[in-house]
Number of protein chains: 2
Amino acid sequence: MTTARGRGRRPGGVDTRAAIIVAARGQFAAKGYDKASIRGIARDAGVDPALVHHYFAGKAQLFAETVDLSVDPTVVVGRIFEGDPARLGWRVIETFLLLWDPPERRQVLVALLRSSMTSDEGARALREFLNREIFGRIALATGASDPQLRGSLAGAQMLGMAVMRYVLKVPALVDAPNALIVERLGPILQAHLVDTAPEPD
Amino acid sequence: MTTARGRGRRPGGVDTRAAIIVAARGQFAAKGYDKASIRGIARDAGVDPALVHHYFAGKAQLFAETVDLSVDPTVVVGRIFEGDPARLGWRVIETFLLLWDPPERRQVLVALLRSSMTSDEGARALREFLNREIFGRIALATGASDPQLRGSLAGAQMLGMAVMRYVLKVPALVDAPNALIVERLGPILQAHLVDTAPEPD
């Protein structure tokens, strides 16, 4: 709990907040949720730990911010809602595969998936993020019934695919080009998020 | 490396092998893959560690055996192939939800999912098991094209649902009765495993 000043430490402000998030992402990716520390994140960001606490309620909130940035919900939701609603499912999978293509983003994704599986705080952060920011929002915007269930089942298909392709490295999914996965999962996600159940005559 | 005999240690045989698997399941569930040890498993089973090595090539094989038993592929595949092929997808999800209903089995499932996310050996064991024993087998038996990809995508939907319902505890999936999940995922798994892509006219 040193109250270090000077020695190149950054002053407060927008850049500091961003620097903390960048440092947090690095720590979560390298160490996982449990072993990452506010102290270590502050050190990597070149700021005093008190400043981290000033900007973020705690490690869980910092984690959630990191998730948000590494996926960028604005870009995601923006891309997905452009264009034909009848092709929304295809755009969901296409957008995420594109987001996950750069190796450094994929590394963060794998770290996040691992953290969420092994820490209650990580699980809560990912659960809240998925529910609130991604699938709940998509399903709500389509006006479908029971948006939370639809969003969760679509999320389950995406999450499972990400786990099997990037963590378990199942050969059939590693070897499949993005276009083939889009072709297969597009109609599935469309069914989950948009399509109505067939009405009885 | 004590070569303990007597003091109630079991002799070799079918019961010993079964006792080792039961002990391994307990250790993997309580400690995860990495922290479980052959020595600890032997102690819990009341046998000499050398006997564990006699029956199993190593921790990974023991893990795979544990997975097999906790899911019981014979029962699973049997149940799934009884009845109408046009309802296979529904039977897949119905069968797994039933298997995972008892709390002690669910606990093992959660431990296995965690192990597979945090250990390369765990990931390999689960990957090989899923590929060989469950989804590859189902998709092959239906005579569908590219069975490994179909099986993997169906597996991704199941795995993601299990992670979100039992590990992340996403409310919409925790609250949904099994019957509702069967209703929603039945047609999805049918599409992945059995249905042919629409032919162009």
# chains A, B, ... in the order shown; residues from 1 in each chain; ligands from 1
call {"tool": "interface_residues", "arguments": {"of": "chain B", "to": "chain A", "cutoff": "6 Å", "atoms": "only C-alpha atoms", "output": "list of chain:residue names"}}
result
B:Arg114, B:Met117, B:Ala123, B:Gln148, B:Leu149, B:Ala156, B:Gln157, B:Leu159, B:Gly160, B:Met161, B:Leu168, B:Ala172
call {"tool": "write_last_selection", "arguments": {"atoms": "N, CA, C and O atoms", "output": "PDB file, in the first residue's frame"}}
result
ATOM      1  N   ARG B 114     -14.580 -28.219 -16.001  1.00  0.00           N
ATOM      2  CA  ARG B 114     -13.507 -27.357 -15.487  1.00  0.00           C
ATOM      3  C   ARG B 114     -12.136 -27.925 -15.831  1.00  0.00           C
ATOM      4  O   ARG B 114     -11.257 -27.191 -16.287  1.00  0.00           O
ATOM      5  N   MET B 117     -11.057 -27.419 -19.320  1.00  0.00           N
ATOM      6  CA  MET B 117     -10.758 -26.035 -19.691  1.00  0.00           C
ATOM      7  C   MET B 117      -9.400 -25.594 -19.181  1.00  0.00           C
ATOM      8  O   MET B 117      -8.853 -24.610 -19.658  1.00  0.00           O
ATOM      9  N   ALA B 123      -8.270 -31.528 -21.522  1.00  0.00           N
ATOM     10  CA  ALA B 123      -8.859 -31.142 -22.803  1.00  0.00           C
ATOM     11  C   ALA B 123      -8.755 -32.284 -23.805  1.00  0.00           C
ATOM     12  O   ALA B 123      -9.716 -32.607 -24.501  1.00  0.00           O
ATOM     13  N   GLN B 148     -17.929 -35.898 -38.430  1.00  0.00           N
ATOM     14  CA  GLN B 148     -17.156 -35.276 -37.356  1.00  0.00           C
ATOM     15  C   GLN B 148     -17.552 -33.813 -37.162  1.00  0.00           C
ATOM     16  O   GLN B 148     -17.664 -33.346 -36.026  1.00  0.00           O
ATOM     17  N   LEU B 149     -17.773 -33.095 -38.264  1.00  0.00           N
ATOM     18  CA  LEU B 149     -18.180 -31.689 -38.136  1.00  0.00           C
ATOM     19  C   LEU B 149     -19.584 -31.601 -37.543  1.00  0.00           C
ATOM     20  O   LEU B 149     -19.833 -30.828 -36.627  1.00  0.00           O
ATOM     21  N   ALA B 156     -21.021 -28.991 -29.509  1.00  0.00           N
ATOM     22  CA  ALA B 156     -20.829 -27.611 -29.056  1.00  0.00           C
ATOM     23  C   ALA B 156     -22.115 -27.066 -28.437  1.00  0.00           C
ATOM     24  O   ALA B 156     -22.083 -26.393 -27.407  1.00  0.00           O
ATOM     25  N   GLN B 157     -23.260 -27.380 -29.064  1.00  0.00           N
ATOM     26  CA  GLN B 157     -24.530 -26.907 -28.506  1.00  0.00           C
ATOM     27  C   GLN B 157     -24.780 -27.522 -27.122  1.00  0.00           C
ATOM     28  O   GLN B 157     -25.199 -26.834 -26.191  1.00  0.00           O
ATOM     29  N   LEU B 159     -22.450 -28.922 -25.055  1.00  0.00           N
ATOM     30  CA  LEU B 159     -21.418 -28.483 -24.114  1.00  0.00           C
ATOM     31  C   LEU B 159     -21.706 -27.065 -23.623  1.00  0.00           C
ATOM     32  O   LEU B 159     -21.637 -26.780 -22.419  1.00  0.00           O
ATOM     33  N   GLY B 160     -22.039 -26.176 -24.563  1.00  0.00           N
ATOM     34  CA  GLY B 160     -22.337 -24.791 -24.196  1.00  0.00           C
ATOM     35  C   GLY B 160     -23.530 -24.707 -23.266  1.00  0.00           C
ATOM     36  O   GLY B 160     -23.529 -23.943 -22.296  1.00  0.00           O
ATOM     37  N   MET B 161     -24.562 -25.512 -23.545  1.00  0.00           N
ATOM     38  CA  MET B 161     -25.734 -25.518 -22.676  1.00  0.00           C
ATOM     39  C   MET B 161     -25.340 -25.994 -21.286  1.00  0.00           C
ATOM     40  O   MET B 161     -25.745 -25.405 -20.270  1.00  0.00           O
ATOM     41  N   LEU B 168     -21.914 -21.710 -15.263  1.00  0.00           N
ATOM     42  CA  LEU B 168     -22.152 -20.266 -15.164  1.00  0.00           C
ATOM     43  C   LEU B 168     -23.482 -19.955 -14.475  1.00  0.00           C
ATOM     44  O   LEU B 168     -23.681 -18.851 -13.989  1.00  0.00           O
ATOM     45  N   ALA B 172     -31.888 -17.999 -17.075  1.00  0.00           N
ATOM     46  CA  ALA B 172     -32.896 -18.493 -18.017  1.00  0.00           C
ATOM     47  C   ALA B 172     -32.770 -20.005 -18.223  1.00  0.00           C
ATOM     48  O   ALA B 172     -33.768 -20.691 -18.444  1.00  0.00           O
TER      49      ALA B 172
END
call {"tool": "residues_around", "arguments": {"residues": "A:Val92", "least_positions_apart": "2", "cutoff": "9 Å", "atoms": "only C-alpha atoms", "output": "PyMOL selection string"}}
result
chain A and resi 76-77+79-80+87-90+94-97+182+186+189-190
call {"tool": "atom_distance", "arguments": {"atom1": "atom CA of B:Gly83", "atom2": "atom CA of B:Ser145"}}
result
21.5 Å
call {"tool": "select_by_dssp", "arguments": {"residues": "stretch 40-196 of chain A", "states": "alpha helix (DSSP H)", "output": "JSON, numbers by chain"}}
result
{"A": [40, 41, 42, 43, 44, 45, 49, 50, 51, 52, 53, 54, 55, 59, 60, 61, 62, 63, 64, 65, 66, 67, 68, 69, 70, 71, 73, 74, 75, 76, 77, 78, 79, 80, 81, 88, 89, 90, 91, 92, 93, 94, 95, 96, 97, 98, 99, 103, 104, 105, 106, 107, 108, 109, 110, 111, 112, 113, 114, 115, 116, 117, 118, 120, 121, 122, 123, 124, 125, 126, 127, 128, 129, 136, 137, 138, 139, 140, 141, 142, 147, 148, 149, 150, 151, 152, 153, 154, 155, 156, 157, 158, 159, 160, 161, 162, 171, 172, 173, 174, 175, 178, 179, 180, 181, 182, 183, 184, 185, 186, 187, 188, 189, 190, 191, 192, 193]}
call {"tool": "residues_around", "arguments": {"residues": "B:Gly26", "least_positions_apart": "5", "cutoff": "12 Å", "atoms": "only C-alpha atoms", "output": "PDB file with all heavy atoms, in the first residue's frame"}}
result
ATOM      1  N   ALA B  19     -13.183 -49.809  -7.821  1.00  0.00           N
ATOM      2  CA  ALA B  19     -12.941 -48.949  -6.652  1.00  0.00           C
ATOM      3  C   ALA B  19     -11.985 -47.806  -7.000  1.00  0.00           C
ATOM      4  O   ALA B  19     -12.140 -46.685  -6.521  1.00  0.00           O
ATOM      5  CB  ALA B  19     -12.373 -49.784  -5.500  1.00  0.00           C
ATOM      6  N   ILE B  20     -11.009 -48.116  -7.855  1.00  0.00           N
ATOM      7  CA  ILE B  20     -10.058 -47.079  -8.282  1.00  0.00           C
ATOM      8  C   ILE B  20     -10.785 -46.006  -9.091  1.00  0.00           C
ATOM      9  O   ILE B  20     -10.563 -44.804  -8.912  1.00  0.00           O
ATOM     10  CB  ILE B  20      -8.899 -47.704  -9.096  1.00  0.00           C
ATOM     11  CG1 ILE B  20      -8.020 -48.574  -8.183  1.00  0.00           C
ATOM     12  CG2 ILE B  20      -8.052 -46.614  -9.766  1.00  0.00           C
ATOM     13  CD1 ILE B  20      -7.025 -49.470  -8.926  1.00  0.00           C
ATOM     14  N   ILE B  21     -11.695 -46.444  -9.964  1.00  0.00           N
ATOM     15  CA  ILE B  21     -12.423 -45.468 -10.785  1.00  0.00           C
ATOM     16  C   ILE B  21     -13.320 -44.587  -9.912  1.00  0.00           C
ATOM     17  O   ILE B  21     -13.392 -43.370 -10.112  1.00  0.00           O
ATOM     18  CB  ILE B  21     -13.229 -46.185 -11.893  1.00  0.00           C
ATOM     19  CG1 ILE B  21     -12.249 -46.785 -12.913  1.00  0.00           C
ATOM     20  CG2 ILE B  21     -14.195 -45.236 -12.572  1.00  0.00           C
ATOM     21  CD1 ILE B  21     -12.894 -47.665 -13.957  1.00  0.00           C
ATOM     22  N   LYS B  31     -10.811 -31.981  -6.676  1.00  0.00           N
ATOM     23  CA  LYS B  31      -9.549 -31.249  -6.850  1.00  0.00           C
ATOM     24  C   LYS B  31      -9.280 -30.780  -8.272  1.00  0.00           C
ATOM     25  O   LYS B  31      -8.324 -30.032  -8.497  1.00  0.00           O
ATOM     26  CB  LYS B  31      -8.372 -32.158  -6.447  1.00  0.00           C
ATOM     27  CG  LYS B  31      -8.465 -32.678  -5.027  1.00  0.00           C
ATOM     28  CD  LYS B  31      -7.219 -33.455  -4.665  1.00  0.00           C
ATOM     29  CE  LYS B  31      -7.145 -33.676  -3.161  1.00  0.00           C
ATOM     30  NZ  LYS B  31      -5.870 -34.295  -2.781  1.00  0.00           N
ATOM     31  N   GLY B  32     -10.075 -31.246  -9.224  1.00  0.00           N
ATOM     32  CA  GLY B  32      -9.762 -30.951 -10.623  1.00  0.00           C
ATOM     33  C   GLY B  32      -8.699 -31.903 -11.131  1.00  0.00           C
ATOM     34  O   GLY B  32      -8.136 -32.702 -10.369  1.00  0.00           O
ATOM     35  N   TYR B  33      -8.423 -31.803 -12.415  1.00  0.00           N
ATOM     36  CA  TYR B  33      -7.533 -32.772 -13.036  1.00  0.00           C
ATOM     37  C   TYR B  33      -6.095 -32.638 -12.544  1.00  0.00           C
ATOM     38  O   TYR B  33      -5.439 -33.602 -12.173  1.00  0.00           O
ATOM     39  CB  TYR B  33      -7.576 -32.618 -14.556  1.00  0.00           C
ATOM     40  CG  TYR B  33      -6.784 -33.678 -15.266  1.00  0.00           C
ATOM     41  CD1 TYR B  33      -7.373 -34.912 -15.558  1.00  0.00           C
ATOM     42  CD2 TYR B  33      -5.467 -33.467 -15.610  1.00  0.00           C
ATOM     43  CE1 TYR B  33      -6.647 -35.894 -16.185  1.00  0.00           C
ATOM     44  CE2 TYR B  33      -4.735 -34.443 -16.237  1.00  0.00           C
ATOM     45  CZ  TYR B  33      -5.334 -35.664 -16.525  1.00  0.00           C
ATOM     46  OH  TYR B  33      -4.604 -36.630 -17.141  1.00  0.00           O
ATOM     47  N   ALA B  36      -5.436 -33.641  -8.742  1.00  0.00           N
ATOM     48  CA  ALA B  36      -5.684 -35.043  -8.378  1.00  0.00           C
ATOM     49  C   ALA B  36      -4.392 -35.834  -8.599  1.00  0.00           C
ATOM     50  O   ALA B  36      -3.646 -35.555  -9.540  1.00  0.00           O
ATOM     51  CB  ALA B  36      -6.803 -35.616  -9.232  1.00  0.00           C
ATOM     52  N   SER B  37      -4.092 -36.785  -7.707  1.00  0.00           N
ATOM     53  CA  SER B  37      -2.862 -37.562  -7.861  1.00  0.00           C
ATOM     54  C   SER B  37      -3.156 -39.061  -7.779  1.00  0.00           C
ATOM     55  O   SER B  37      -4.121 -39.483  -7.137  1.00  0.00           O
ATOM     56  CB  SER B  37      -1.859 -37.193  -6.761  1.00  0.00           C
ATOM     57  OG  SER B  37      -2.332 -37.659  -5.511  1.00  0.00           O
ATOM     58  N   GLY B  40      -3.120 -40.108  -4.215  1.00  0.00           N
ATOM     59  CA  GLY B  40      -4.347 -39.791  -3.478  1.00  0.00           C
ATOM     60  C   GLY B  40      -5.488 -40.722  -3.874  1.00  0.00           C
ATOM     61  O   GLY B  40      -6.293 -41.142  -3.036  1.00  0.00           O
ATOM     62  N   ILE B  41      -5.566 -41.018  -5.182  1.00  0.00           N
ATOM     63  CA  ILE B  41      -6.620 -41.911  -5.674  1.00  0.00           C
ATOM     64  C   ILE B  41      -6.425 -43.302  -5.074  1.00  0.00           C
ATOM     65  O   ILE B  41      -7.387 -43.931  -4.614  1.00  0.00           O
ATOM     66  CB  ILE B  41      -6.604 -41.952  -7.227  1.00  0.00           C
ATOM     67  CG1 ILE B  41      -7.075 -40.593  -7.783  1.00  0.00           C
ATOM     68  CG2 ILE B  41      -7.462 -43.094  -7.750  1.00  0.00           C
ATOM     69  CD1 ILE B  41      -6.771 -40.363  -9.254  1.00  0.00           C
ATOM     70  N   ALA B  42      -5.163 -43.769  -5.055  1.00  0.00           N
ATOM     71  CA  ALA B  42      -4.864 -45.082  -4.466  1.00  0.00           C
ATOM     72  C   ALA B  42      -5.267 -45.110  -2.990  1.00  0.00           C
ATOM     73  O   ALA B  42      -5.887 -46.064  -2.522  1.00  0.00           O
ATOM     74  CB  ALA B  42      -3.373 -45.398  -4.627  1.00  0.00           C
ATOM     75  N   ARG B  43      -4.946 -44.046  -2.288  1.00  0.00           N
ATOM     76  CA  ARG B  43      -5.273 -43.976  -0.861  1.00  0.00           C
ATOM     77  C   ARG B  43      -6.790 -44.075  -0.678  1.00  0.00           C
ATOM     78  O   ARG B  43      -7.288 -44.859   0.133  1.00  0.00           O
ATOM     79  CB  ARG B  43      -4.745 -42.676  -0.263  1.00  0.00           C
ATOM     80  CG  ARG B  43      -4.790 -42.639   1.276  1.00  0.00           C
ATOM     81  CD  ARG B  43      -4.374 -41.270   1.792  1.00  0.00           C
ATOM     82  NE  ARG B  43      -5.178 -40.229   1.146  1.00  0.00           N
ATOM     83  CZ  ARG B  43      -4.690 -39.206   0.439  1.00  0.00           C
ATOM     84  NH1 ARG B  43      -3.406 -39.060   0.291  1.00  0.00           N
ATOM     85  NH2 ARG B  43      -5.515 -38.333  -0.103  1.00  0.00           N
ATOM     86  N   ASP B  44      -7.546 -43.269  -1.462  1.00  0.00           N
ATOM     87  CA  ASP B  44      -9.003 -43.290  -1.332  1.00  0.00           C
ATOM     88  C   ASP B  44      -9.581 -44.653  -1.685  1.00  0.00           C
ATOM     89  O   ASP B  44     -10.621 -45.058  -1.146  1.00  0.00           O
ATOM     90  CB  ASP B  44      -9.648 -42.230  -2.229  1.00  0.00           C
ATOM     91  CG  ASP B  44      -9.410 -40.819  -1.699  1.00  0.00           C
ATOM     92  OD1 ASP B  44      -8.779 -40.686  -0.628  1.00  0.00           O
ATOM     93  OD2 ASP B  44      -9.845 -39.864  -2.360  1.00  0.00           O
ATOM     94  N   ALA B  45      -8.948 -45.338  -2.637  1.00  0.00           N
ATOM     95  CA  ALA B  45      -9.453 -46.645  -3.068  1.00  0.00           C
ATOM     96  C   ALA B  45      -8.972 -47.761  -2.124  1.00  0.00           C
ATOM     97  O   ALA B  45      -9.428 -48.903  -2.239  1.00  0.00           O
ATOM     98  CB  ALA B  45      -9.008 -46.938  -4.500  1.00  0.00           C
ATOM     99  N   LEU B  62      -7.056 -42.720 -16.740  1.00  0.00           N
ATOM    100  CA  LEU B  62      -7.962 -42.828 -15.596  1.00  0.00           C
ATOM    101  C   LEU B  62      -9.070 -41.784 -15.697  1.00  0.00           C
ATOM    102  O   LEU B  62     -10.246 -42.063 -15.429  1.00  0.00           O
ATOM    103  CB  LEU B  62      -7.140 -42.645 -14.317  1.00  0.00           C
ATOM    104  CG  LEU B  62      -7.713 -43.118 -12.985  1.00  0.00           C
ATOM    105  CD1 LEU B  62      -8.318 -44.507 -13.077  1.00  0.00           C
ATOM    106  CD2 LEU B  62      -6.604 -43.099 -11.931  1.00  0.00           C
ATOM    107  N   PHE B  63      -8.680 -40.596 -16.116  1.00  0.00           N
ATOM    108  CA  PHE B  63      -9.653 -39.522 -16.320  1.00  0.00           C
ATOM    109  C   PHE B  63     -10.685 -39.924 -17.375  1.00  0.00           C
ATOM    110  O   PHE B  63     -11.892 -39.783 -17.187  1.00  0.00           O
ATOM    111  CB  PHE B  63      -8.919 -38.249 -16.750  1.00  0.00           C
ATOM    112  CG  PHE B  63      -9.809 -37.076 -17.041  1.00  0.00           C
ATOM    113  CD1 PHE B  63     -10.206 -36.234 -16.031  1.00  0.00           C
ATOM    114  CD2 PHE B  63     -10.232 -36.816 -18.333  1.00  0.00           C
ATOM    115  CE1 PHE B  63     -11.021 -35.142 -16.295  1.00  0.00           C
ATOM    116  CE2 PHE B  63     -11.049 -35.731 -18.615  1.00  0.00           C
ATOM    117  CZ  PHE B  63     -11.442 -34.886 -17.588  1.00  0.00           C
ATOM    118  N   THR B  66     -13.078 -42.324 -16.097  1.00  0.00           N
ATOM    119  CA  THR B  66     -14.018 -41.653 -15.202  1.00  0.00           C
ATOM    120  C   THR B  66     -15.112 -40.952 -15.991  1.00  0.00           C
ATOM    121  O   THR B  66     -16.285 -41.006 -15.647  1.00  0.00           O
ATOM    122  CB  THR B  66     -13.262 -40.621 -14.334  1.00  0.00           C
ATOM    123  OG1 THR B  66     -12.149 -41.260 -13.754  1.00  0.00           O
ATOM    124  CG2 THR B  66     -14.146 -40.082 -13.256  1.00  0.00           C
ATOM    125  N   VAL B  67     -14.707 -40.288 -17.064  1.00  0.00           N
ATOM    126  CA  VAL B  67     -15.690 -39.633 -17.922  1.00  0.00           C
ATOM    127  C   VAL B  67     -16.652 -40.657 -18.489  1.00  0.00           C
ATOM    128  O   VAL B  67     -17.865 -40.492 -18.450  1.00  0.00           O
ATOM    129  CB  VAL B  67     -15.006 -38.898 -19.095  1.00  0.00           C
ATOM    130  CG1 VAL B  67     -16.037 -38.178 -19.946  1.00  0.00           C
ATOM    131  CG2 VAL B  67     -13.983 -37.921 -18.576  1.00  0.00           C
ATOM    132  N   SER B  70     -19.055 -41.801 -15.864  1.00  0.00           N
ATOM    133  CA  SER B  70     -20.009 -40.832 -15.353  1.00  0.00           C
ATOM    134  C   SER B  70     -21.069 -40.508 -16.397  1.00  0.00           C
ATOM    135  O   SER B  70     -22.117 -39.983 -16.081  1.00  0.00           O
ATOM    136  CB  SER B  70     -19.307 -39.572 -14.864  1.00  0.00           C
ATOM    137  OG  SER B  70     -18.719 -38.897 -15.945  1.00  0.00           O
ATOM    138  N   GLU B 104     -25.079 -35.565  -7.833  1.00  0.00           N
ATOM    139  CA  GLU B 104     -23.699 -36.069  -7.753  1.00  0.00           C
ATOM    140  C   GLU B 104     -23.112 -36.230  -9.156  1.00  0.00           C
ATOM    141  O   GLU B 104     -21.916 -36.045  -9.362  1.00  0.00           O
ATOM    142  CB  GLU B 104     -23.613 -37.376  -6.935  1.00  0.00           C
ATOM    143  CG  GLU B 104     -24.234 -38.610  -7.548  1.00  0.00           C
ATOM    144  CD  GLU B 104     -25.743 -38.672  -7.352  1.00  0.00           C
ATOM    145  OE1 GLU B 104     -26.334 -37.685  -6.826  1.00  0.00           O
ATOM    146  OE2 GLU B 104     -26.357 -39.694  -7.726  1.00  0.00           O
ATOM    147  N   ARG B 105     -23.970 -36.570 -10.142  1.00  0.00           N
ATOM    148  CA  ARG B 105     -23.476 -36.665 -11.522  1.00  0.00           C
ATOM    149  C   ARG B 105     -23.193 -35.291 -12.097  1.00  0.00           C
ATOM    150  O   ARG B 105     -22.240 -35.086 -12.838  1.00  0.00           O
ATOM    151  CB  ARG B 105     -24.523 -37.357 -12.398  1.00  0.00           C
ATOM    152  CG  ARG B 105     -24.120 -38.754 -12.714  1.00  0.00           C
ATOM    153  CD  ARG B 105     -24.606 -39.205 -14.057  1.00  0.00           C
ATOM    154  NE  ARG B 105     -24.592 -40.662 -14.059  1.00  0.00           N
ATOM    155  CZ  ARG B 105     -25.672 -41.402 -14.004  1.00  0.00           C
ATOM    156  NH1 ARG B 105     -26.872 -40.847 -13.945  1.00  0.00           N
ATOM    157  NH2 ARG B 105     -25.576 -42.695 -13.994  1.00  0.00           N
ATOM    158  N   GLN B 107     -22.238 -32.757 -10.407  1.00  0.00           N
ATOM    159  CA  GLN B 107     -20.995 -32.312  -9.765  1.00  0.00           C
ATOM    160  C   GLN B 107     -19.784 -32.849 -10.544  1.00  0.00           C
ATOM    161  O   GLN B 107     -18.814 -32.126 -10.778  1.00  0.00           O
ATOM    162  CB  GLN B 107     -20.999 -32.834  -8.335  1.00  0.00           C
ATOM    163  CG  GLN B 107     -19.962 -32.215  -7.421  1.00  0.00           C
ATOM    164  CD  GLN B 107     -19.894 -32.958  -6.098  1.00  0.00           C
ATOM    165  OE1 GLN B 107     -20.662 -33.897  -5.852  1.00  0.00           O
ATOM    166  NE2 GLN B 107     -18.962 -32.564  -5.246  1.00  0.00           N
ATOM    167  N   VAL B 108     -19.865 -34.119 -10.943  1.00  0.00           N
ATOM    168  CA  VAL B 108     -18.787 -34.715 -11.733  1.00  0.00           C
ATOM    169  C   VAL B 108     -18.683 -33.996 -13.080  1.00  0.00           C
ATOM    170  O   VAL B 108     -17.589 -33.643 -13.535  1.00  0.00           O
ATOM    171  CB  VAL B 108     -19.024 -36.230 -11.956  1.00  0.00           C
ATOM    172  CG1 VAL B 108     -17.994 -36.807 -12.923  1.00  0.00           C
ATOM    173  CG2 VAL B 108     -18.980 -36.969 -10.631  1.00  0.00           C
ATOM    174  N   LEU B 109     -19.833 -33.745 -13.699  1.00  0.00           N
ATOM    175  CA  LEU B 109     -19.848 -33.053 -14.990  1.00  0.00           C
ATOM    176  C   LEU B 109     -19.166 -31.693 -14.890  1.00  0.00           C
ATOM    177  O   LEU B 109     -18.320 -31.348 -15.720  1.00  0.00           O
ATOM    178  CB  LEU B 109     -21.297 -32.881 -15.465  1.00  0.00           C
ATOM    179  CG  LEU B 109     -21.466 -32.044 -16.742  1.00  0.00           C
ATOM    180  CD1 LEU B 109     -20.976 -32.792 -17.956  1.00  0.00           C
ATOM    181  CD2 LEU B 109     -22.913 -31.611 -16.923  1.00  0.00           C
ATOM    182  N   ALA B 111     -16.984 -30.710 -12.678  1.00  0.00           N
ATOM    183  CA  ALA B 111     -15.545 -30.918 -12.466  1.00  0.00           C
ATOM    184  C   ALA B 111     -14.846 -31.279 -13.783  1.00  0.00           C
ATOM    185  O   ALA B 111     -13.750 -30.798 -14.073  1.00  0.00           O
ATOM    186  CB  ALA B 111     -15.325 -32.000 -11.420  1.00  0.00           C
ATOM    187  N   LEU B 112     -15.499 -32.112 -14.578  1.00  0.00           N
ATOM    188  CA  LEU B 112     -14.911 -32.522 -15.857  1.00  0.00           C
ATOM    189  C   LEU B 112     -14.805 -31.335 -16.816  1.00  0.00           C
ATOM    190  O   LEU B 112     -13.789 -31.164 -17.494  1.00  0.00           O
ATOM    191  CB  LEU B 112     -15.755 -33.611 -16.510  1.00  0.00           C
ATOM    192  CG  LEU B 112     -15.774 -34.953 -15.787  1.00  0.00           C
ATOM    193  CD1 LEU B 112     -16.739 -35.900 -16.471  1.00  0.00           C
ATOM    194  CD2 LEU B 112     -14.377 -35.552 -15.731  1.00  0.00           C
TER     195      LEU B 112
END
call {"tool": "atom_distance", "arguments": {"atom1": "atom CA of B:Phe81", "atom2": "atom CA of B:Thr142"}}
result
9.4 Å
